[in-house]
Protein chains: 2
Amino acid sequence: MTVSRALRNPDKVSSKTLNKIKAVVDRLGYVPDPAASALAAGKTNVVGVIVPSVTNNVFSDVMRGIYEEAEGSKWQIQLGNSRYSPIEEENLVRTFLSQKPAGLILSGLDQSETTENLLRSADCRIVQIMECGPDPYDMMIGFSHVEASMAATRHLLEAGYRRPGYIAARLDPRSQRRLQGFQKVAEEAGVFSASRIVTTPRPSTVTLGGELVADLLSKAPETDAILCNNDDLALGALFECQRRGLRIPEEFGICGFNDLEMMAAANPSITSVRTFRLDMGREAMRWMSSALSGSEPDGPAIDLGYRVIPRQSTALGTRG
Amino acid sequence: MTVSRALRNPDKVSSKTLNKIKAVVDRLGYVPDPAASALAAGKTNVVGVIVPSVTNNVFSDVMRGIYEEAEGSKWQIQLGNSRYSPIEEENLVRTFLSQKPAGLILSGLDQSETTENLLRSADCRIVQIMECGPDPYDMMIGFSHVEASMAATRHLLEAGYRRPGYIAARLDPRSQRRLQGFQKVAEEAGVFSASRIVTTPRPSTVTLGGELVADLLSKAPETDAILCNNDDLALGALFECQRRGLRIPEEFGICGFNDLEMMAAANPSITSVRTFRLDMGREAMRWMSSALSGSEPDGPAIDLGYRVIPRQSTALGTRG
DNA sequence: AATCAAAATGATAGCGCTAACATTTGTCAA
DNA sequence: TTGACAAATGTTAGCGCTATCATTTTGATT
């Protein structure tokens with residue numbers, strides 16, 4: 001028993017015995033069995049993380065933030081990949097909960113009803129990431145996708161573009177909201193046209209960005225700028241425009257979303273909406289840690305915001 | 001006991017009782033406690049995966065392959081991020097092994113001595129990925145980085161370039177071997193110059209690709225082509241060359257490594273060495289599954305190879 | 001030295017499952 | 001009907017920890 005204490009709570013044990021124990025542990029190469037510990041204590045040090053994709057740059061940044069912050073702490077990250085499917089998400093939540101995790105970090109607001117019930121009655125701390133919205137399960141860290149894309153659309157209009165389009169691949173709920181933001185601002189400015197929206201259920205790639213732009217230009221050749229649902233599409237769009245000899249930004253403006261590192265390096269550099277993915281991961285894990293160690297975070301939710309980063313690809317030079 | 005059997009091994013139980021049990025399980029919402037199971041059985045369904053980076057495109061493809069193949073099986077993936085550090089890798093191996101995993105998938109051949117000892121005496125199946133080499137712990141799936149970069153270098157020479165350079169960021173062991181391959185072929189062809197090699201310990205980004213090319217061109221302005229340690233650098237190099245007005249491929253050839261999807265979409269499209277990352281992940285997990293269910297794979301190791309994909313960025317048109 | 005509270009350590013039971021073996025039930029041939 | 005054997009089910013113990021409470025030790029105070 002004293003050994004158990006020494007290993008989990010060293011300051012509850014006198015330094016003399018502590019040293020003795022350490023020596024023996026070293027000599028024997030003893031490592032506690034987490035399964036036995038979990039069984040006896042009825043809880044684990046596992047923090048489950050559920051993301052819709054492990055390939056996507058956006059989520060890999062978030063994950064890196066989480067891993068960085070968990071590094072060196074007692075919390076053990078376990079990753080689940082829901083592949084954008086609410087059903088797989090539900091299964092993952094169930095699996096994770098059966099492990100009596102200390103906490104759960106998951107993306108978005110759009111869980112299935114069953115998942116929601118599971119989570120509301122779950123005996124662990126929960127951080128929702130990627131979005132801000134009402135009625136969090138517990139804690140929430142994200143930003144408003146609607147507002148972010150509204151700001152991007154306004155930027156296009158302020159830059160002087162008058163016939164903006166939108167391209168998007170696989171429309172997950174967050175992408176939907178970004179499209180809504182675009183539509184709202186475009187309508188308010190009287191420049192909205194449904195024919196300038198091109199989407200596909202296929203997952204987004206750079207190549208697809210080119211194809212979507214090609215589609216868009218054949219359907220609505222008057223289009224003078226696009227807001228892209230993400231940066232991969234934006235890069236593909238840039239390449240396609242260059243192949244067509246369209247001058248950017250003079251004849252055609254391009255704005256991405258997320259501001260991946262490559263956007264600044266492109267030629268011309270590409271305007272994008274910066275989102276704070278690494279910070280989101282870090283903050284989510286930091287909140288989780290402090291909640292688990294008893295100190296409640298300030299509020300139930302934090303909005304990390306966004307920032308439109310104007311670059312050459314929309315630098316038309318004329319104003320409204 | 002019959003319930004335990006019914007849940008793990010349904011065909012050891014009569015269909016009558018099985019149905020009864022299923023009904024009750026459903027009604028009660030019973031979910032087995034994995035910790036208790038692990039403790040009693042002395043083993044788990046966990047397959048630990050250790051990768052050096054979760055952000056890197058290369059590893060995220062591999063991970064996706066692993067997740068796809070594990071999907072629906074009883075094996076539970078647990079991911080560890082060693083962040084290119086042998087010490088963190090050692091800790092992860094220790095942590096994973098304390099969980100009595102069914103298997104371990106890890107990258108590369110360059111474990112620390114302690115890690116190697118841990119793994120050699122580990123009571124679980126092991127698949128090494130990313131590289132092929134001698135003396136596997138257990139199973140091995142990868143390709144030869146030396147040969148792949150040798151082929152890429154030969155491609156540059158055959159395309160007609162005569163003063164090839166090499167740029168690389170953070171030189172992990174696999175990158176080192178790629179550089180060696182370049183050097184070997186270049187030396188054999190009598191076109192090697194150490195001044196045309198530019199490296200940095202910083203992690204690679206698109207921006208960095210531009211900076212490295214700028215460095216290279218100021219140190220060795222005669223350079224007429226580069227082999228890039230990865231595709232991010234290649235893309236950055238392309239942009240930087242375009243900014244400088246260097247005509248590609250006529251004045252400067254660019255070859256990447258990995259053949260990320262965006263290489264084909266770029267303008268001009270970028271030559272790269274295709275590696276089979278998704279397949280590597282899938283095969284690794286497939287081998288793991290079959291090894292764990294008793295059917296041994298054919299051999300201890302498989303070489304997935306590579307393929308140079310010539311594109312516009314090296315299409316000089318002249319031949320050696 | 002005697003007293004007492006606080007700190008440190010120890011004893012016991014049990015977490016929920018499964019391995020191993022024991023027992024019961026079912027099936028078929030003689 | 002009986003015995004022999006396989007299939008199905010049941011019994012028991014214990015996996016390696018930790019919660020809880022009991023006991024001992026320590027150290028400060030009278």
# chains A, B, ... in the order shown; residues from 1 in each chain; ligands from 1
$ closest_atom_pairs --of "chain A" --to "chain B" --cutoff "7 Å" --atoms "only C-alpha atoms" --output "CSV"
residue,atom,partner,partner_atom,distance
A:Val31,CA,B:Ser98,CA,6.5
A:Asp33,CA,B:Ser98,CA,6.1
A:Pro34,CA,B:Gln99,CA,6.3
A:Ala35,CA,B:Ala35,CA,4.6
A:Ala36,CA,B:Leu39,CA,5.7
A:Ala38,CA,B:Ala35,CA,6.0
A:Leu39,CA,B:Ala35,CA,5.5
A:Val54,CA,B:Ser60,CA,6.1
A:Thr55,CA,B:Ser60,CA,4.9
A:Ser60,CA,B:Thr55,CA,4.9
A:Asp61,CA,B:Thr55,CA,6.1
A:Arg64,CA,B:Val54,CA,6.5
A:Gln78,CA,B:Gln78,CA,5.9
A:Leu79,CA,B:Leu79,CA,6.4
A:Ser98,CA,B:Asp33,CA,6.1
A:Gln99,CA,B:Pro34,CA,6.3
A:Val206,CA,B:Met262,CA,5.3
A:Thr207,CA,B:Ala265,CA,5.0
A:Gly236,CA,B:Ala265,CA,6.5
A:Phe239,CA,B:Asn267,CA,5.4
A:Arg243,CA,B:Asn267,CA,6.8
A:Met262,CA,B:Val206,CA,5.4
A:Ala265,CA,B:Thr207,CA,5.0
A:Ala266,CA,B:Phe239,CA,5.8
A:Asn267,CA,B:Phe239,CA,5.4
$ closest_atom_pairs --of "chain D" --to "chain B" --cutoff "12 Å" --atoms "only C-alpha atoms (C1' of nucleotides)" --output "JSON lines"
{"residue": "D:DA7", "atom": "C1'", "partner": "B:Lys12", "partner_atom": "CA", "distance": 8.6}
{"residue": "D:DA8", "atom": "C1'", "partner": "B:Val13", "partner_atom": "CA", "distance": 6.7}
{"residue": "D:DT9", "atom": "C1'", "partner": "B:Thr2", "partner_atom": "CA", "distance": 6.6}
{"residue": "D:DG10", "atom": "C1'", "partner": "B:Met1", "partner_atom": "CA", "distance": 7.5}
{"residue": "D:DT11", "atom": "C1'", "partner": "B:Met1", "partner_atom": "CA", "distance": 9.4}
{"residue": "D:DT12", "atom": "C1'", "partner": "B:Met1", "partner_atom": "CA", "distance": 11.3}
{"residue": "D:DA13", "atom": "C1'", "partner": "B:Ala40", "partner_atom": "CA", "distance": 11.2}
{"residue": "D:DG14", "atom": "C1'", "partner": "B:Ala40", "partner_atom": "CA", "distance": 8.1}
{"residue": "D:DC15", "atom": "C1'", "partner": "B:Ala40", "partner_atom": "CA", "distance": 4.7}
{"residue": "D:DG16", "atom": "C1'", "partner": "B:Leu39", "partner_atom": "CA", "distance": 7.5}
{"residue": "D:DC17", "atom": "C1'", "partner": "B:Leu39", "partner_atom": "CA", "distance": 9.6}
$ write_last_selection --atoms "C-alpha atoms (C1' of nucleotides)" --output "PDB file, in the first residue's frame"
ATOM      1  C1'  DA D   7     -21.186 -29.678 -26.438  1.00  0.00           C
ATOM      2  C1'  DA D   8     -22.805 -26.420 -23.253  1.00  0.00           C
ATOM      3  C1'  DT D   9     -22.805 -24.385 -18.923  1.00  0.00           C
ATOM      4  C1'  DG D  10     -21.235 -23.588 -14.189  1.00  0.00           C
ATOM      5  C1'  DT D  11     -17.781 -22.990 -10.172  1.00  0.00           C
ATOM      6  C1'  DT D  12     -13.763 -21.207  -8.241  1.00  0.00           C
ATOM      7  C1'  DA D  13      -9.918 -18.524  -7.733  1.00  0.00           C
ATOM      8  C1'  DG D  14      -7.219 -14.821  -8.721  1.00  0.00           C
ATOM      9  C1'  DC D  15      -5.345 -11.074 -12.034  1.00  0.00           C
ATOM     10  C1'  DG D  16      -2.656  -6.312  -9.504  1.00  0.00           C
ATOM     11  C1'  DC D  17      -4.075  -2.672  -7.957  1.00  0.00           C
TER      12       DC D  17
END
$ interface_residues --of "chain C" --to "chain B" --cutoff "6 Å" --atoms "only C-alpha atoms (C1' of nucleotides)" --output "list of chain:residue names"
C:DG16, C:DC17, C:DT18
$ write_last_selection --atoms "N, CA and C atoms (P, O5', C5', C4', C3', O3' and C1' of nucleotides)" --output "PDB file, in the first residue's frame"
ATOM      1  P    DG C  16     -17.528  -3.319 -10.459  1.00  0.00           P
ATOM      2  O5'  DG C  16     -17.177  -4.244 -11.700  1.00  0.00           O
ATOM      3  C5'  DG C  16     -16.360  -3.711 -12.725  1.00  0.00           C
ATOM      4  C4'  DG C  16     -15.845  -4.845 -13.557  1.00  0.00           C
ATOM      5  C3'  DG C  16     -16.915  -5.823 -14.057  1.00  0.00           C
ATOM      6  O3'  DG C  16     -16.665  -6.025 -15.423  1.00  0.00           O
ATOM      7  C1'  DG C  16     -15.174  -7.005 -13.017  1.00  0.00           C
ATOM      8  P    DC C  17     -17.573  -6.898 -16.357  1.00  0.00           P
ATOM      9  O5'  DC C  17     -16.618  -8.093 -16.817  1.00  0.00           O
ATOM     10  C5'  DC C  17     -15.543  -7.845 -17.652  1.00  0.00           C
ATOM     11  C4'  DC C  17     -14.377  -8.711 -17.250  1.00  0.00           C
ATOM     12  C3'  DC C  17     -14.391 -10.124 -17.812  1.00  0.00           C
ATOM     13  O3'  DC C  17     -13.810 -10.089 -19.106  1.00  0.00           O
ATOM     14  C1'  DC C  17     -13.534 -10.014 -15.566  1.00  0.00           C
ATOM     15  P    DT C  18     -13.993 -11.365 -20.038  1.00  0.00           P
ATOM     16  O5'  DT C  18     -12.900 -12.390 -19.484  1.00  0.00           O
ATOM     17  C5'  DT C  18     -11.518 -12.041 -19.577  1.00  0.00           C
ATOM     18  C4'  DT C  18     -10.687 -13.172 -19.023  1.00  0.00           C
ATOM     19  C3'  DT C  18     -10.866 -14.506 -19.739  1.00  0.00           C
ATOM     20  O3'  DT C  18      -9.609 -15.143 -19.753  1.00  0.00           O
ATOM     21  C1'  DT C  18     -11.406 -14.766 -17.468  1.00  0.00           C
TER      22       DT C  18
END
$ select_by_dssp --residues "stretch 48-114 of chain B" --states "alpha helix (DSSP H)" --output "number ranges by chain"
B: 57-70, 86-98, 113-114
$ write_last_selection --atoms "C-alpha atoms" --output "PDB file, in the first residue's frame"
ATOM      1  CA  ASN B  57       1.401  14.498 -44.275  1.00  0.00           C
ATOM      2  CA  VAL B  58       3.431  11.361 -44.685  1.00  0.00           C
ATOM      3  CA  PHE B  59       2.550   9.929 -41.321  1.00  0.00           C
ATOM      4  CA  SER B  60      -1.039  11.016 -41.470  1.00  0.00           C
ATOM      5  CA  ASP B  61      -1.438   8.932 -44.623  1.00  0.00           C
ATOM      6  CA  VAL B  62       0.134   5.960 -42.905  1.00  0.00           C
ATOM      7  CA  MET B  63      -2.109   6.464 -39.904  1.00  0.00           C
ATOM      8  CA  ARG B  64      -5.146   6.650 -42.085  1.00  0.00           C
ATOM      9  CA  GLY B  65      -4.212   3.319 -43.626  1.00  0.00           C
ATOM     10  CA  ILE B  66      -3.818   1.776 -40.212  1.00  0.00           C
ATOM     11  CA  TYR B  67      -7.120   3.180 -38.962  1.00  0.00           C
ATOM     12  CA  GLU B  68      -8.959   2.072 -42.079  1.00  0.00           C
ATOM     13  CA  GLU B  69      -7.720  -1.463 -41.726  1.00  0.00           C
ATOM     14  CA  ALA B  70      -8.370  -1.604 -37.976  1.00  0.00           C
ATOM     15  CA  PRO B  86      14.497   8.527 -29.443  1.00  0.00           C
ATOM     16  CA  ILE B  87      13.993   9.311 -25.758  1.00  0.00           C
ATOM     17  CA  GLU B  88      10.314  10.010 -26.148  1.00  0.00           C
ATOM     18  CA  GLU B  89      10.087   6.900 -28.273  1.00  0.00           C
ATOM     19  CA  GLU B  90      11.617   4.888 -25.469  1.00  0.00           C
ATOM     20  CA  ASN B  91       9.118   6.280 -22.966  1.00  0.00           C
ATOM     21  CA  LEU B  92       6.255   5.521 -25.298  1.00  0.00           C
ATOM     22  CA  VAL B  93       7.420   1.959 -25.817  1.00  0.00           C
ATOM     23  CA  ARG B  94       7.639   1.539 -22.073  1.00  0.00           C
ATOM     24  CA  THR B  95       4.173   2.992 -21.531  1.00  0.00           C
ATOM     25  CA  PHE B  96       2.675   0.887 -24.274  1.00  0.00           C
ATOM     26  CA  LEU B  97       4.322  -2.298 -23.067  1.00  0.00           C
ATOM     27  CA  SER B  98       3.010  -1.728 -19.547  1.00  0.00           C
ATOM     28  CA  GLU B 113      19.616   0.483 -27.497  1.00  0.00           C
ATOM     29  CA  THR B 114      17.285   0.341 -24.517  1.00  0.00           C
TER      30      THR B 114
END
$ residues_around --residues "C:DT12" --least-positions-apart "5" --cutoff "12 Å" --atoms "only C-alpha atoms (C1' of nucleotides)" --output "list of chain:residue names"
A:Met1, D:DT18, D:DA19, D:DT20, D:DC21, D:DA22
$ write_last_selection --atoms "N, CA and C atoms (P, O5', C5', C4', C3', O3' and C1' of nucleotides)" --output "PDB file, in the first residue's frame"
ATOM      1  N   MET A   1       0.819  -1.202   0.000  1.00  0.00           N
ATOM      2  CA  MET A   1       0.000   0.000   0.000  1.00  0.00           C
ATOM      3  C   MET A   1       0.865   1.270   0.000  1.00  0.00           C
TER       4      MET A   1
ATOM      5  P    DT D  18      -2.716   1.878  -7.569  1.00  0.00           P
ATOM      6  O5'  DT D  18      -4.128   1.932  -6.830  1.00  0.00           O
ATOM      7  C5'  DT D  18      -5.300   2.179  -7.590  1.00  0.00           C
ATOM      8  C4'  DT D  18      -6.484   2.191  -6.654  1.00  0.00           C
ATOM      9  C3'  DT D  18      -6.405   3.237  -5.550  1.00  0.00           C
ATOM     10  O3'  DT D  18      -7.727   3.702  -5.354  1.00  0.00           O
ATOM     11  C1'  DT D  18      -6.605   1.105  -4.592  1.00  0.00           C
ATOM     12  P    DA D  19      -7.973   5.140  -4.714  1.00  0.00           P
ATOM     13  O5'  DA D  19      -9.217   4.866  -3.749  1.00  0.00           O
ATOM     14  C5'  DA D  19     -10.297   4.057  -4.199  1.00  0.00           C
ATOM     15  C4'  DA D  19     -11.197   3.703  -3.040  1.00  0.00           C
ATOM     16  C3'  DA D  19     -11.353   4.754  -1.951  1.00  0.00           C
ATOM     17  O3'  DA D  19     -12.694   4.702  -1.475  1.00  0.00           O
ATOM     18  C1'  DA D  19     -10.330   2.815  -1.037  1.00  0.00           C
ATOM     19  P    DT D  20     -13.241   5.711  -0.413  1.00  0.00           P
ATOM     20  O5'  DT D  20     -13.085   4.900   0.952  1.00  0.00           O
ATOM     21  C5'  DT D  20     -13.554   3.555   1.013  1.00  0.00           C
ATOM     22  C4'  DT D  20     -13.096   2.933   2.312  1.00  0.00           C
ATOM     23  C3'  DT D  20     -13.050   3.910   3.495  1.00  0.00           C
ATOM     24  O3'  DT D  20     -13.912   3.415   4.500  1.00  0.00           O
ATOM     25  C1'  DT D  20     -11.108   2.562   3.410  1.00  0.00           C
ATOM     26  P    DC D  21     -14.385   4.384   5.730  1.00  0.00           P
ATOM     27  O5'  DC D  21     -13.680   3.642   6.953  1.00  0.00           O
ATOM     28  C5'  DC D  21     -13.743   2.220   7.019  1.00  0.00           C
ATOM     29  C4'  DC D  21     -12.497   1.704   7.684  1.00  0.00           C
ATOM     30  C3'  DC D  21     -12.205   2.323   9.059  1.00  0.00           C
ATOM     31  O3'  DC D  21     -12.143   1.271  10.000  1.00  0.00           O
ATOM     32  C1'  DC D  21     -10.254   2.207   7.739  1.00  0.00           C
ATOM     33  P    DA D  22     -11.906   1.598  11.541  1.00  0.00           P
ATOM     34  O5'  DA D  22     -10.477   0.934  11.751  1.00  0.00           O
ATOM     35  C5'  DA D  22     -10.292  -0.436  11.362  1.00  0.00           C
ATOM     36  C4'  DA D  22      -8.879  -0.845  11.715  1.00  0.00           C
ATOM     37  C3'  DA D  22      -8.442  -0.461  13.124  1.00  0.00           C
ATOM     38  O3'  DA D  22      -7.661  -1.530  13.660  1.00  0.00           O
ATOM     39  C1'  DA D  22      -7.002   0.569  11.553  1.00  0.00           C
TER      40       DA D  22
END
$ residues_around --residues "stretch 162-173 of chain B" --least-positions-apart "3" --cutoff "8 Å" --atoms "only C-alpha atoms (C1' of nucleotides)" --output "ChimeraX atom specification"
/B:84,110,156-157,176-177,179,182,186,191-193,196-204,208-209,212-213,216,222-230,233
$ atom_distance --atom1 "atom CA of B:Gly294" --atom2 "atom CA of B:Lys22"
28.1 Å
$ residues_around --residues "D:DT25" --least-positions-apart "4" --cutoff "12 Å" --atoms "only C-alpha atoms (C1' of nucleotides)" --output "PyMOL selection string"
(chain A and resi 14) or (chain C and resi 6-10)
$ write_last_selection --atoms "C-alpha atoms (C1' of nucleotides)" --output "compact mmCIF listing (two decimals), in the first residue's frame"
# COMPACT_ATOMS: atom_id res chain seq x y z
CA SER A 14 8.18 10.12 4.11
C1' DA C 6 -0.82 14.63 12.97
C1' DA C 7 1.79 12.00 9.87
C1' DA C 8 3.06 7.67 8.14
C1' DT C 9 2.26 3.02 7.38
C1' DG C 10 -0.36 -1.32 7.30
$ atom_distance --atom1 "atom CA of B:Val51" --atom2 "atom CA of B:Glu296"
24.5 Å
